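So this one's entry.csv, CSV, C-alpha atoms:
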chain,number,residue,atom,x,y,z
A,1,THR,CA,15.4,-80.2,14.0
A,2,SER,CA,12.0,-80.8,12.6
A,3,ASP,CA,13.5,-82.5,9.6
A,4,ARG,CA,15.2,-85.1,11.7
A,5,VAL,CA,12.0,-85.7,13.7
A,6,ALA,CA,10.2,-86.2,10.4
A,7,GLU,CA,12.8,-88.7,9.3
A,8,ASP,CA,12.4,-90.6,12.6
A,9,LEU,CA,8.7,-90.8,11.8
A,10,GLU,CA,9.4,-92.1,8.3
A,11,GLN,CA,11.6,-94.9,9.8
A,12,VAL,CA,8.7,-95.8,12.0
A,13,ARG,CA,6.3,-95.9,9.0
A,14,ARG,CA,8.6,-98.2,7.1
A,15,ALA,CA,9.2,-100.5,10.1
A,16,LEU,CA,5.5,-100.9,10.6
A,17,GLY,CA,4.8,-101.4,6.9
A,18,TYR,CA,2.2,-98.7,6.5
A,19,GLU,CA,1.8,-97.5,2.9
A,20,ARG,CA,0.5,-94.0,3.9
A,21,LEU,CA,-0.2,-92.1,7.1
A,22,ILE,CA,-3.0,-89.8,8.4
A,23,LEU,CA,-1.1,-87.3,10.4
A,24,TRP,CA,-2.7,-85.5,13.4
A,25,GLY,CA,-0.5,-82.9,14.9
A,26,GLY,CA,-1.1,-80.3,17.7
A,27,SER,CA,1.0,-77.2,18.3
A,28,PHE,CA,4.7,-78.3,17.6
A,29,GLY,CA,3.2,-81.5,16.1
A,30,THR,CA,1.8,-79.3,13.3
A,31,ARG,CA,5.3,-78.3,12.4
A,32,VAL,CA,6.4,-82.0,12.4
A,33,ALA,CA,3.4,-83.0,10.3
A,34,GLN,CA,4.0,-80.2,7.7
A,35,THR,CA,7.7,-81.1,7.6
A,36,TYR,CA,6.9,-84.8,7.0
A,37,ALA,CA,4.4,-83.9,4.3
A,38,ARG,CA,6.9,-81.7,2.5
A,39,ARG,CA,9.6,-84.4,2.6
A,40,HIS,CA,7.3,-87.4,1.9
A,41,PRO,CA,4.0,-86.1,0.3
A,42,ASP,CA,3.3,-89.5,-1.3
A,43,ARG,CA,3.2,-91.1,2.1
A,44,VAL,CA,0.5,-88.8,3.6
A,45,GLN,CA,-3.1,-89.5,3.0
A,46,ALA,CA,-4.5,-86.6,5.0
A,47,MET,CA,-3.5,-84.2,7.8
A,48,ILE,CA,-5.2,-82.6,10.8
A,49,LEU,CA,-3.3,-79.6,12.1
A,50,ASP,CA,-4.6,-78.2,15.5
A,51,GLY,CA,-3.0,-75.0,16.8
A,52,VAL,CA,-1.1,-74.4,13.6
A,53,VAL,CA,2.6,-73.3,13.6
A,54,PRO,CA,3.7,-71.9,10.3
A,55,PHE,CA,7.2,-72.5,9.1
A,56,ASP,CA,8.0,-68.8,9.3
A,57,PHE,CA,6.5,-68.5,12.8
A,58,THR,CA,9.7,-67.1,14.2
A,59,ALA,CA,8.7,-68.0,17.8
A,60,PRO,CA,9.0,-66.3,20.3
A,61,LEU,CA,8.9,-63.1,18.3
A,62,ASN,CA,5.1,-63.3,18.0
A,63,TYR,CA,4.3,-64.5,21.5
A,64,ALA,CA,3.8,-61.1,23.0
A,65,SER,CA,1.4,-60.0,20.3
A,66,THR,CA,-0.6,-63.2,20.2
A,67,LEU,CA,-0.9,-63.1,24.1
A,68,GLN,CA,-2.1,-59.5,23.9
A,69,GLN,CA,-4.7,-60.5,21.3
A,70,SER,CA,-6.0,-63.3,23.4
A,71,VAL,CA,-6.3,-61.0,26.5
A,72,ASP,CA,-8.1,-58.4,24.3
A,73,ARG,CA,-10.5,-61.0,23.0
A,74,LEU,CA,-11.2,-62.3,26.5
A,75,LEU,CA,-12.0,-58.8,27.8
A,76,ALA,CA,-14.2,-58.1,24.7
A,77,SER,CA,-16.0,-61.3,25.2
A,78,CYS,CA,-16.8,-60.4,28.8
A,79,ARG,CA,-18.1,-57.0,27.7
A,80,ALA,CA,-20.3,-58.6,25.2
A,81,ARG,CA,-21.9,-61.1,27.5
A,82,ARG,CA,-24.4,-59.5,29.9
A,83,THR,CA,-23.8,-61.9,32.8
A,84,CYS,CA,-20.0,-61.4,32.7
A,85,HIS,CA,-20.3,-57.6,32.2
A,86,ASP,CA,-22.7,-57.3,35.1
A,87,SER,CA,-20.4,-59.4,37.3
A,88,PHE,CA,-17.3,-57.5,36.3
A,89,PRO,CA,-18.3,-54.1,35.0
A,90,ASN,CA,-14.8,-52.6,35.5
A,91,LEU,CA,-12.8,-55.5,34.1
A,92,ASP,CA,-10.8,-53.5,31.5
A,93,ALA,CA,-9.8,-50.9,34.1
A,94,GLN,CA,-8.9,-53.5,36.6
A,95,TRP,CA,-6.8,-55.4,34.1
A,96,LYS,CA,-4.9,-52.2,33.3
A,97,SER,CA,-4.3,-51.4,36.9
A,98,LEU,CA,-2.9,-54.9,37.5
A,99,VAL,CA,-0.5,-54.6,34.6
A,100,GLU,CA,0.6,-51.2,35.9
A,101,LYS,CA,1.1,-52.5,39.4
A,102,VAL,CA,3.4,-55.3,38.3
A,103,ARG,CA,5.2,-53.2,35.8
A,104,ALA,CA,6.0,-50.8,38.6
A,105,GLY,CA,7.0,-53.8,40.8
A,106,PRO,CA,8.4,-56.3,41.5
A,107,VAL,CA,5.4,-57.4,43.7
A,108,GLN,CA,5.8,-59.6,46.7
A,109,THR,CA,3.3,-62.5,46.8
A,110,ARG,CA,3.3,-66.3,47.6
A,111,VAL,CA,2.7,-69.8,46.2
A,112,THR,CA,1.5,-72.8,48.2
A,113,PRO,CA,3.0,-76.1,47.1
A,114,PRO,CA,0.8,-79.2,47.9
A,115,GLY,CA,1.2,-80.3,51.5
A,116,ARG,CA,3.6,-77.4,52.4
A,117,PRO,CA,3.1,-73.9,53.9
A,118,PRO,CA,3.0,-70.8,51.6
A,119,VAL,CA,6.3,-69.7,50.2
A,120,GLU,CA,7.1,-66.0,49.6
A,121,VAL,CA,8.0,-65.1,46.0
A,122,THR,CA,8.8,-62.1,44.0
A,123,MET,CA,6.7,-61.5,40.8
A,124,HIS,CA,8.0,-59.4,37.9
A,125,LEU,CA,6.0,-58.3,34.9
A,126,GLY,CA,7.3,-61.2,32.8
A,127,ASP,CA,6.3,-63.7,35.5
A,128,PHE,CA,2.8,-62.3,35.7
A,129,GLY,CA,2.5,-62.4,31.9
A,130,TYR,CA,3.8,-65.9,31.7
A,131,GLY,CA,1.2,-66.9,34.3
A,132,VAL,CA,-1.6,-65.3,32.4
A,133,ARG,CA,-0.4,-66.9,29.2
A,134,GLY,CA,-0.6,-70.3,30.8
A,135,ILE,CA,-4.1,-69.6,32.0
A,136,LEU,CA,-5.2,-68.7,28.5
A,137,TYR,CA,-4.0,-72.0,27.1
A,138,ARG,CA,-7.0,-73.7,28.5
A,139,ALA,CA,-10.7,-72.8,28.3
A,140,ASP,CA,-11.6,-74.1,31.8
A,141,GLN,CA,-8.9,-71.9,33.4
A,142,SER,CA,-9.7,-68.9,31.2
A,143,ARG,CA,-13.3,-68.9,32.3
A,144,ARG,CA,-12.0,-68.0,35.8
A,145,LEU,CA,-9.7,-65.3,34.6
A,146,PRO,CA,-12.2,-62.3,35.0
A,147,ALA,CA,-12.8,-63.2,38.6
A,148,MET,CA,-9.0,-63.5,39.2
A,149,ILE,CA,-8.4,-60.1,37.7
A,150,GLU,CA,-11.2,-58.5,39.7
A,151,ALA,CA,-10.0,-60.1,43.0
A,152,ALA,CA,-6.4,-59.2,42.5
A,153,ALA,CA,-7.2,-55.6,41.5
A,154,ARG,CA,-9.5,-55.2,44.5
A,155,THR,CA,-7.2,-56.8,47.1
A,156,GLY,CA,-3.7,-56.3,45.7
A,157,ASP,CA,-3.1,-60.0,46.2
A,158,LEU,CA,-1.5,-61.6,43.1
A,159,SER,CA,-1.0,-65.1,44.7
A,160,ASP,CA,-3.6,-66.7,42.3
A,161,PHE,CA,-1.4,-65.7,39.4
A,162,ALA,CA,1.8,-66.7,41.1
A,163,GLN,CA,0.2,-70.1,41.9
A,164,ARG,CA,-0.7,-70.6,38.2
A,165,TYR,CA,2.8,-69.7,37.1
A,166,TRP,CA,4.3,-72.2,39.6
A,167,GLY,CA,1.8,-74.9,38.7
A,168,ARG,CA,2.6,-74.7,35.0
A,169,ALA,CA,6.3,-74.8,35.7
A,170,ALA,CA,5.8,-77.8,38.0
A,171,ASP,CA,3.8,-79.6,35.2
A,172,PHE,CA,6.6,-78.9,32.7
A,173,GLU,CA,9.1,-80.6,35.0
A,174,GLU,CA,7.0,-83.8,34.7
A,175,ASP,CA,6.0,-84.0,31.1
A,176,PHE,CA,7.8,-81.3,28.9
A,177,ALA,CA,10.7,-82.3,26.7
A,178,GLU,CA,12.8,-79.1,27.3
A,179,GLY,CA,15.8,-80.5,25.4
A,180,LEU,CA,13.7,-81.1,22.2
A,181,HIS,CA,12.0,-77.8,22.7
A,182,LEU,CA,15.3,-75.8,22.9
A,183,ALA,CA,16.9,-77.9,20.1
A,184,VAL,CA,14.1,-76.8,17.7
A,185,PHE,CA,13.7,-73.2,18.9
A,186,CYS,CA,17.4,-72.5,19.0
A,187,SER,CA,17.9,-73.8,15.5
A,188,GLU,CA,14.7,-73.0,13.7
A,189,GLU,CA,13.3,-69.9,15.4
A,190,ILE,CA,15.7,-67.7,17.3
A,191,PRO,CA,18.3,-67.2,14.6
A,192,PHE,CA,15.7,-65.8,12.2
A,193,ILE,CA,14.5,-63.0,14.6
A,194,ARG,CA,15.6,-59.7,13.1
A,195,GLU,CA,16.4,-57.0,15.6
A,196,ALA,CA,14.3,-54.4,13.6
A,197,ASP,CA,11.2,-56.6,14.0
A,198,VAL,CA,11.3,-56.8,17.8
A,199,PRO,CA,9.8,-53.4,18.6
A,200,VAL,CA,7.1,-53.8,16.0
A,201,ALA,CA,6.1,-57.2,17.4
A,202,THR,CA,6.1,-56.2,21.0
A,203,THR,CA,5.3,-52.5,21.5
A,204,ARG,CA,1.5,-53.0,21.8
A,205,SER,CA,1.8,-55.9,24.2
A,206,PHE,CA,1.9,-55.6,28.0
A,207,LEU,CA,4.5,-58.5,28.0
A,208,GLY,CA,7.1,-56.7,25.9
A,209,THR,CA,10.3,-58.5,25.0
A,210,TYR,CA,10.2,-60.8,28.1
A,211,LEU,CA,9.9,-64.2,26.2
A,212,ILE,CA,12.3,-63.1,23.4
A,213,ASP,CA,14.9,-62.2,26.0
A,214,GLU,CA,14.4,-65.5,27.9
A,215,TYR,CA,14.7,-67.7,24.8
A,216,ARG,CA,17.7,-65.8,23.6
A,217,GLY,CA,19.4,-66.3,26.9
A,218,ALA,CA,18.6,-70.0,26.9
A,219,CYS,CA,19.9,-70.4,23.4
A,220,GLN,CA,23.2,-68.7,24.0
A,221,GLY,CA,24.7,-71.9,25.3
A,222,TRP,CA,22.6,-74.4,23.4
A,223,PRO,CA,24.0,-76.3,20.4
A,224,ARG,CA,22.4,-75.3,17.1
A,225,ALA,CA,22.0,-77.2,13.9
A,226,PRO,CA,22.7,-75.2,10.7
A,227,MET,CA,19.4,-74.3,9.0
A,228,ASP,CA,18.9,-73.4,5.3
A,229,PRO,CA,16.5,-70.4,5.1
A,230,SER,CA,14.5,-72.3,2.6
A,231,PHE,CA,13.2,-74.4,5.5
A,232,ARG,CA,10.9,-71.4,6.2
A,233,ARG,CA,9.1,-71.6,2.9
A,234,PRO,CA,5.4,-72.7,3.3
A,235,LEU,CA,4.1,-76.2,2.6
A,236,GLN,CA,2.4,-76.6,-0.8
A,237,ALA,CA,1.9,-80.3,-1.0
A,238,PRO,CA,-1.6,-81.4,-2.3
A,239,VAL,CA,-2.4,-83.2,0.9
A,240,PRO,CA,-6.0,-82.9,2.1
A,241,THR,CA,-5.7,-80.9,5.3
A,242,LEU,CA,-8.1,-80.0,8.1
A,243,LEU,CA,-6.8,-77.0,10.1
A,244,VAL,CA,-8.4,-76.4,13.5
A,245,SER,CA,-8.0,-73.2,15.6
A,246,GLY,CA,-9.2,-71.8,18.9
A,247,TYR,CA,-10.4,-68.2,18.8
A,248,PHE,CA,-8.8,-67.4,22.2
A,249,ASP,CA,-5.5,-69.2,21.6
A,250,PRO,CA,-2.7,-67.1,23.1
A,251,VAL,CA,0.1,-68.7,20.9
A,252,THR,CA,-1.3,-70.0,17.6
A,253,PRO,CA,-4.5,-68.1,16.9
A,254,PRO,CA,-6.6,-68.6,13.8
A,255,GLU,CA,-4.5,-66.1,11.8
A,256,MET,CA,-1.6,-68.5,12.0
A,257,ALA,CA,-3.6,-71.3,10.4
A,258,GLU,CA,-4.7,-68.9,7.6
A,259,ARG,CA,-1.1,-68.2,6.8
A,260,VAL,CA,-0.6,-71.9,6.2
A,261,ALA,CA,-4.0,-72.5,4.5
A,262,ARG,CA,-3.2,-70.0,1.8
A,263,HIS,CA,-0.6,-72.3,0.3
A,264,LEU,CA,-2.5,-75.6,0.6
A,265,PRO,CA,-4.6,-76.6,-2.5
A,266,VAL,CA,-6.9,-78.9,-0.6
A,267,HIS,CA,-7.9,-77.7,2.9
A,268,ARG,CA,-10.6,-76.7,5.4
A,269,HIS,CA,-10.1,-74.4,8.3
A,270,LEU,CA,-12.4,-74.6,11.3
A,271,VAL,CA,-12.4,-72.0,14.1
A,272,ASP,CA,-13.9,-72.9,17.5
A,273,SER,CA,-15.2,-69.6,18.9
A,274,ALA,CA,-15.0,-70.9,22.5
A,275,ALA,CA,-11.6,-72.7,22.3
A,276,HIS,CA,-8.1,-71.9,23.2
A,277,HIS,CA,-4.9,-73.8,22.4
A,278,GLY,CA,-6.0,-77.2,21.2
A,279,ALA,CA,-9.4,-77.2,19.7
A,280,SER,CA,-9.9,-80.8,18.3
A,281,PHE,CA,-12.3,-81.9,21.0
A,282,GLY,CA,-14.8,-79.0,20.8
A,283,CYS,CA,-17.1,-78.2,18.0
A,284,ALA,CA,-14.5,-79.5,15.5
A,285,ARG,CA,-14.5,-83.0,17.0
A,286,PRO,CA,-16.9,-84.7,14.4
A,287,ALA,CA,-14.8,-83.3,11.5
A,288,VAL,CA,-11.5,-84.4,13.2
A,289,LEU,CA,-13.0,-88.0,13.6
A,290,HIS,CA,-14.2,-87.9,10.0
A,291,VAL,CA,-10.7,-87.2,8.7
A,292,LEU,CA,-9.1,-89.7,11.1
A,293,SER,CA,-11.4,-92.5,10.1
A,294,ARG,CA,-11.7,-91.8,6.4
A,295,GLY,CA,-8.6,-89.9,5.4
A,296,THR,CA,-10.5,-87.3,3.3
A,297,LEU,CA,-12.2,-84.0,3.5
A,298,GLU,CA,-15.0,-85.2,1.2
A,299,GLY,CA,-18.2,-85.4,3.1
A,300,LEU,CA,-16.9,-83.4,6.0
A,301,PRO,CA,-19.7,-82.7,8.4
A,302,VAL,CA,-20.8,-79.1,8.9
A,303,VAL,CA,-19.4,-78.0,12.3
A,304,CYS,CA,-18.3,-74.8,14.0
A,305,GLY,CA,-20.7,-72.9,11.8
A,306,ARG,CA,-18.9,-73.9,8.6
Please go through the file and, once you have read it, give me the structure as structure tokens.
Amino acid sequence: TSDRVAEDLEQVRRALGYERLILWGGSFGTRVAQTYARRHPDRVQAMILDGVVPFDFTAPLNYASTLQQSVDRLLASCRARRTCHDSFPNLDAQWKSLVEKVRAGPVQTRVTPPGRPPVEVTMHLGDFGYGVRGILYRADQSRRLPAMIEAAARTGDLSDFAQRYWGRAADFEEDFAEGLHLAVFCSEEIPFIREADVPVATTRSFLGTYLIDEYRGACQGWPRAPMDPSFRRPLQAPVPTLLVSGYFDPVTPPEMAERVARHLPVHRHLVDSAAHHGASFGCARPAVLHVLSRGTLEGLPVVCGR
């Protein structure tokens, strides 16, 4: 659980002899930082939370809606930029046609592993959505998404999306701690999903209940730690906190950071209008370095328009 991870961190602090820490967490790291600050507020000088996960996040309940919001924002951004709109004037209709095609599927397509011939695969709606979600995690990949949508809608070839799905899965095999991931999710998130909330959270999203179903299936056989519901209460420690969000983030959009910020007495929230999941190195970089080097929000440089 996050509590145990935080206590591991406290043991490291004591062993190294540090009086106080400046915590910099990204994604799940923001949950760890908040947990540590709640348990040891006197040991935290300041925090930077990038891609903020609230305690009451209830992942993956929100994943479908935050993905849909990211897609909607990307499509709206293309409509608003003349060069993008002129290049892809029918992007909204093409996106809709792709979703309908895969929903009526499954669709036969292919992936090409490095150094090997193409392999035929079957793509379902959930696979397609997971591939799109992975693309939207990164700004460099998302910039190519309008062209991918246009080409797939025009040709009927979804291999680019299958390739991104496979590539993300292959990367996870190398550097993703699935055991820790499921240990946390199966204890801190899945048990708190109320059945009545599922339709509300997923109806407007093209992805539907795919990720909820996948995580529930994975957690059926996974050991769970008992969790007191009080774990989900928000952090209220008086720790100077810089929150950083990417406007196009498909998993922890700025609205998530605002939920956390409402309960923090000393905070600043910066939104990078061009960033996705992980925004510390965009327009927020000078502010992040300020907090890391000085441990305070005082004198924070004006960045990201704020």
Contact residues around Val99 (chain A) with all atoms listed in the file at 10 Å, ignoring same-chain residues under 2 positions, as a PDB file with C-alpha atoms, in the frame of the given file:
ATOM      1  CA  GLN A  94      -8.900 -53.500  36.600  1.00  0.00           C
ATOM      2  CA  TRP A  95      -6.800 -55.400  34.100  1.00  0.00           C
ATOM      3  CA  LYS A  96      -4.900 -52.200  33.300  1.00  0.00           C
ATOM      4  CA  SER A  97      -4.300 -51.400  36.900  1.00  0.00           C
ATOM      5  CA  LYS A 101       1.100 -52.500  39.400  1.00  0.00           C
ATOM      6  CA  VAL A 102       3.400 -55.300  38.300  1.00  0.00           C
ATOM      7  CA  ARG A 103       5.200 -53.200  35.800  1.00  0.00           C
ATOM      8  CA  ALA A 104       6.000 -50.800  38.600  1.00  0.00           C
ATOM      9  CA  GLY A 105       7.000 -53.800  40.800  1.00  0.00           C
ATOM     10  CA  LEU A 125       6.000 -58.300  34.900  1.00  0.00           C
ATOM     11  CA  PHE A 128       2.800 -62.300  35.700  1.00  0.00           C
ATOM     12  CA  GLY A 129       2.500 -62.400  31.900  1.00  0.00           C
ATOM     13  CA  ALA A 153      -7.200 -55.600  41.500  1.00  0.00           C
ATOM     14  CA  PHE A 206       1.900 -55.600  28.000  1.00  0.00           C
ATOM     15  CA  LEU A 207       4.500 -58.500  28.000  1.00  0.00           C
TER      16      LEU A 207
END
Identify, on the basis of all atoms listed in the file, every residue whose closest approach to Ala287 (chain A) does not exceed 8 Å; exclude the query and any residue fewer than 5 positions from it along the same chain; express the result as a ChimeraX atom specification.
-> /A:300-303
Pick out the closest residue to Ala225 (chain A) from this set: A:Thr209, A:Thr109, A:Ser187, A:Gln69. Count only C-alpha atoms.
->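 For Ala225 (chain A), the nearest of the given residues is A:Ser187.
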Rounded to one decimal in Å, what is the spacing between CA of Thr30 (chain A) and CA of Val53 (chain A)?
->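 Between CA of Thr30 (chain A) and CA of Val53 (chain A) the gap works out to 6.1 Å.
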Shell around region 4-16 of chain A at 9 Å using all atoms listed in the file, local window under 2 positions removed, as a PDB file with C-alpha atoms, in the frame of the given file:
ATOM      1  CA  THR A   1      15.400 -80.200  14.000  1.00  0.00           C
ATOM      2  CA  SER A   2      12.000 -80.800  12.600  1.00  0.00           C
ATOM      3  CA  TYR A  18       2.200 -98.700   6.500  1.00  0.00           C
ATOM      4  CA  GLU A  19       1.800 -97.500   2.900  1.00  0.00           C
ATOM      5  CA  ARG A  20       0.500 -94.000   3.900  1.00  0.00           C
ATOM      6  CA  LEU A  21      -0.200 -92.100   7.100  1.00  0.00           C
ATOM      7  CA  VAL A  32       6.400 -82.000  12.400  1.00  0.00           C
ATOM      8  CA  ALA A  33       3.400 -83.000  10.300  1.00  0.00           C
ATOM      9  CA  THR A  35       7.700 -81.100   7.600  1.00  0.00           C
ATOM     10  CA  TYR A  36       6.900 -84.800   7.000  1.00  0.00           C
ATOM     11  CA  ALA A  37       4.400 -83.900   4.300  1.00  0.00           C
ATOM     12  CA  ARG A  39       9.600 -84.400   2.600  1.00  0.00           C
ATOM     13  CA  HIS A  40       7.300 -87.400   1.900  1.00  0.00           C
ATOM     14  CA  ARG A  43       3.200 -91.100   2.100  1.00  0.00           C
TER      15      ARG A  43
END
Go through A:Ala64, A:Met123, A:Val260, A:Ile22 and flag the residue nearest Arg233 (chain A), using all atoms listed in the file for the distances.
->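 Answer, going by the shortest atom-to-atom distance: A:Val260.
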For CA of Phe281 (chain A) and CA of Asp140 (chain A), quote the distance in Å rounded to one decimal.
-> 13.3 Å
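A straight line drawn from CA of Met148 (chain A) to CA of Gly208 (chain A) is 22.0 Å long.
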Kindly output region 61-84 of chain A as a short mmCIF file (atom, residue, chain, number, x, y, z; two decimals), keeping the file's coordinate frame, after building N, CA, C and O atoms.
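selection17.cif written:
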data_model
loop_
_atom_site.label_atom_id
_atom_site.label_comp_id
_atom_site.auth_asym_id
_atom_site.auth_seq_id
_atom_site.Cartn_x
_atom_site.Cartn_y
_atom_site.Cartn_z
N LEU A 61 9.09 -64.46 18.71
CA LEU A 61 8.90 -63.10 18.30
C LEU A 61 7.38 -62.68 18.40
O LEU A 61 7.03 -61.59 18.83
N ASN A 62 6.50 -63.63 18.03
CA ASN A 62 5.10 -63.30 18.00
C ASN A 62 4.35 -63.56 19.31
O ASN A 62 3.17 -63.23 19.43
N TYR A 63 5.04 -64.11 20.28
CA TYR A 63 4.30 -64.50 21.50
C TYR A 63 3.70 -63.35 22.25
O TYR A 63 2.61 -63.48 22.82
N ALA A 64 4.35 -62.21 22.29
CA ALA A 64 3.80 -61.10 23.00
C ALA A 64 2.51 -60.57 22.35
O ALA A 64 1.52 -60.29 23.02
N SER A 65 2.53 -60.49 21.02
CA SER A 65 1.40 -60.00 20.30
C SER A 65 0.19 -60.93 20.33
O SER A 65 -0.97 -60.52 20.48
N THR A 66 0.46 -62.22 20.22
CA THR A 66 -0.60 -63.20 20.20
C THR A 66 -1.23 -63.30 21.65
O THR A 66 -2.44 -63.51 21.82
N LEU A 67 -0.39 -63.15 22.69
CA LEU A 67 -0.90 -63.10 24.10
C LEU A 67 -1.79 -61.89 24.26
O LEU A 67 -2.88 -61.99 24.84
N GLN A 68 -1.33 -60.73 23.80
CA GLN A 68 -2.10 -59.50 23.90
C GLN A 68 -3.46 -59.66 23.23
O GLN A 68 -4.51 -59.25 23.76
N GLN A 69 -3.45 -60.25 22.03
CA GLN A 69 -4.70 -60.50 21.30
C GLN A 69 -5.64 -61.36 22.05
O GLN A 69 -6.85 -61.11 22.10
N SER A 70 -5.12 -62.41 22.68
CA SER A 70 -6.00 -63.30 23.40
C SER A 70 -6.58 -62.60 24.64
O SER A 70 -7.78 -62.77 24.93
N VAL A 71 -5.80 -61.79 25.34
CA VAL A 71 -6.30 -61.00 26.50
C VAL A 71 -7.41 -60.05 25.98
O VAL A 71 -8.50 -59.94 26.58
N ASP A 72 -7.14 -59.35 24.88
CA ASP A 72 -8.10 -58.40 24.30
C ASP A 72 -9.41 -59.09 23.96
O ASP A 72 -10.50 -58.56 24.19
N ARG A 73 -9.30 -60.28 23.38
CA ARG A 73 -10.50 -61.00 23.00
C ARG A 73 -11.27 -61.49 24.21
O ARG A 73 -12.51 -61.49 24.19
N LEU A 74 -10.56 -61.89 25.26
CA LEU A 74 -11.20 -62.30 26.50
C LEU A 74 -11.98 -61.13 27.11
O LEU A 74 -13.14 -61.27 27.52
N LEU A 75 -11.35 -59.97 27.19
CA LEU A 75 -12.00 -58.80 27.80
C LEU A 75 -13.20 -58.38 26.92
O LEU A 75 -14.26 -58.03 27.47
N ALA A 76 -13.05 -58.42 25.60
CA ALA A 76 -14.20 -58.10 24.70
C ALA A 76 -15.32 -59.04 24.87
O ALA A 76 -16.49 -58.64 24.83
N SER A 77 -15.00 -60.32 25.03
CA SER A 77 -16.00 -61.30 25.20
C SER A 77 -16.82 -61.08 26.47
O SER A 77 -18.05 -61.23 26.51
N CYS A 78 -16.12 -60.68 27.54
CA CYS A 78 -16.80 -60.40 28.80
C CYS A 78 -17.71 -59.18 28.66
O CYS A 78 -18.83 -59.17 29.17
N ARG A 79 -17.22 -58.17 27.96
CA ARG A 79 -18.10 -57.00 27.70
C ARG A 79 -19.32 -57.31 26.98
O ARG A 79 -20.38 -56.71 27.20
N ALA A 80 -19.21 -58.26 26.05
CA ALA A 80 -20.30 -58.60 25.20
C ALA A 80 -21.37 -59.50 25.81
O ALA A 80 -22.50 -59.59 25.32
N ARG A 81 -20.98 -60.20 26.88
CA ARG A 81 -21.90 -61.10 27.50
C ARG A 81 -22.47 -60.45 28.80
O ARG A 81 -21.72 -60.07 29.69
N ARG A 82 -23.76 -60.33 28.87
CA ARG A 82 -24.40 -59.50 29.90
C ARG A 82 -24.02 -60.06 31.32
O ARG A 82 -23.71 -59.27 32.22
N THR A 83 -24.08 -61.38 31.50
CA THR A 83 -23.80 -61.90 32.80
C THR A 83 -22.38 -61.60 33.27
O THR A 83 -22.13 -61.28 34.44
N CYS A 84 -21.43 -61.71 32.33
CA CYS A 84 -20.00 -61.40 32.70
C CYS A 84 -19.85 -59.92 32.91
O CYS A 84 -19.21 -59.51 33.89
#
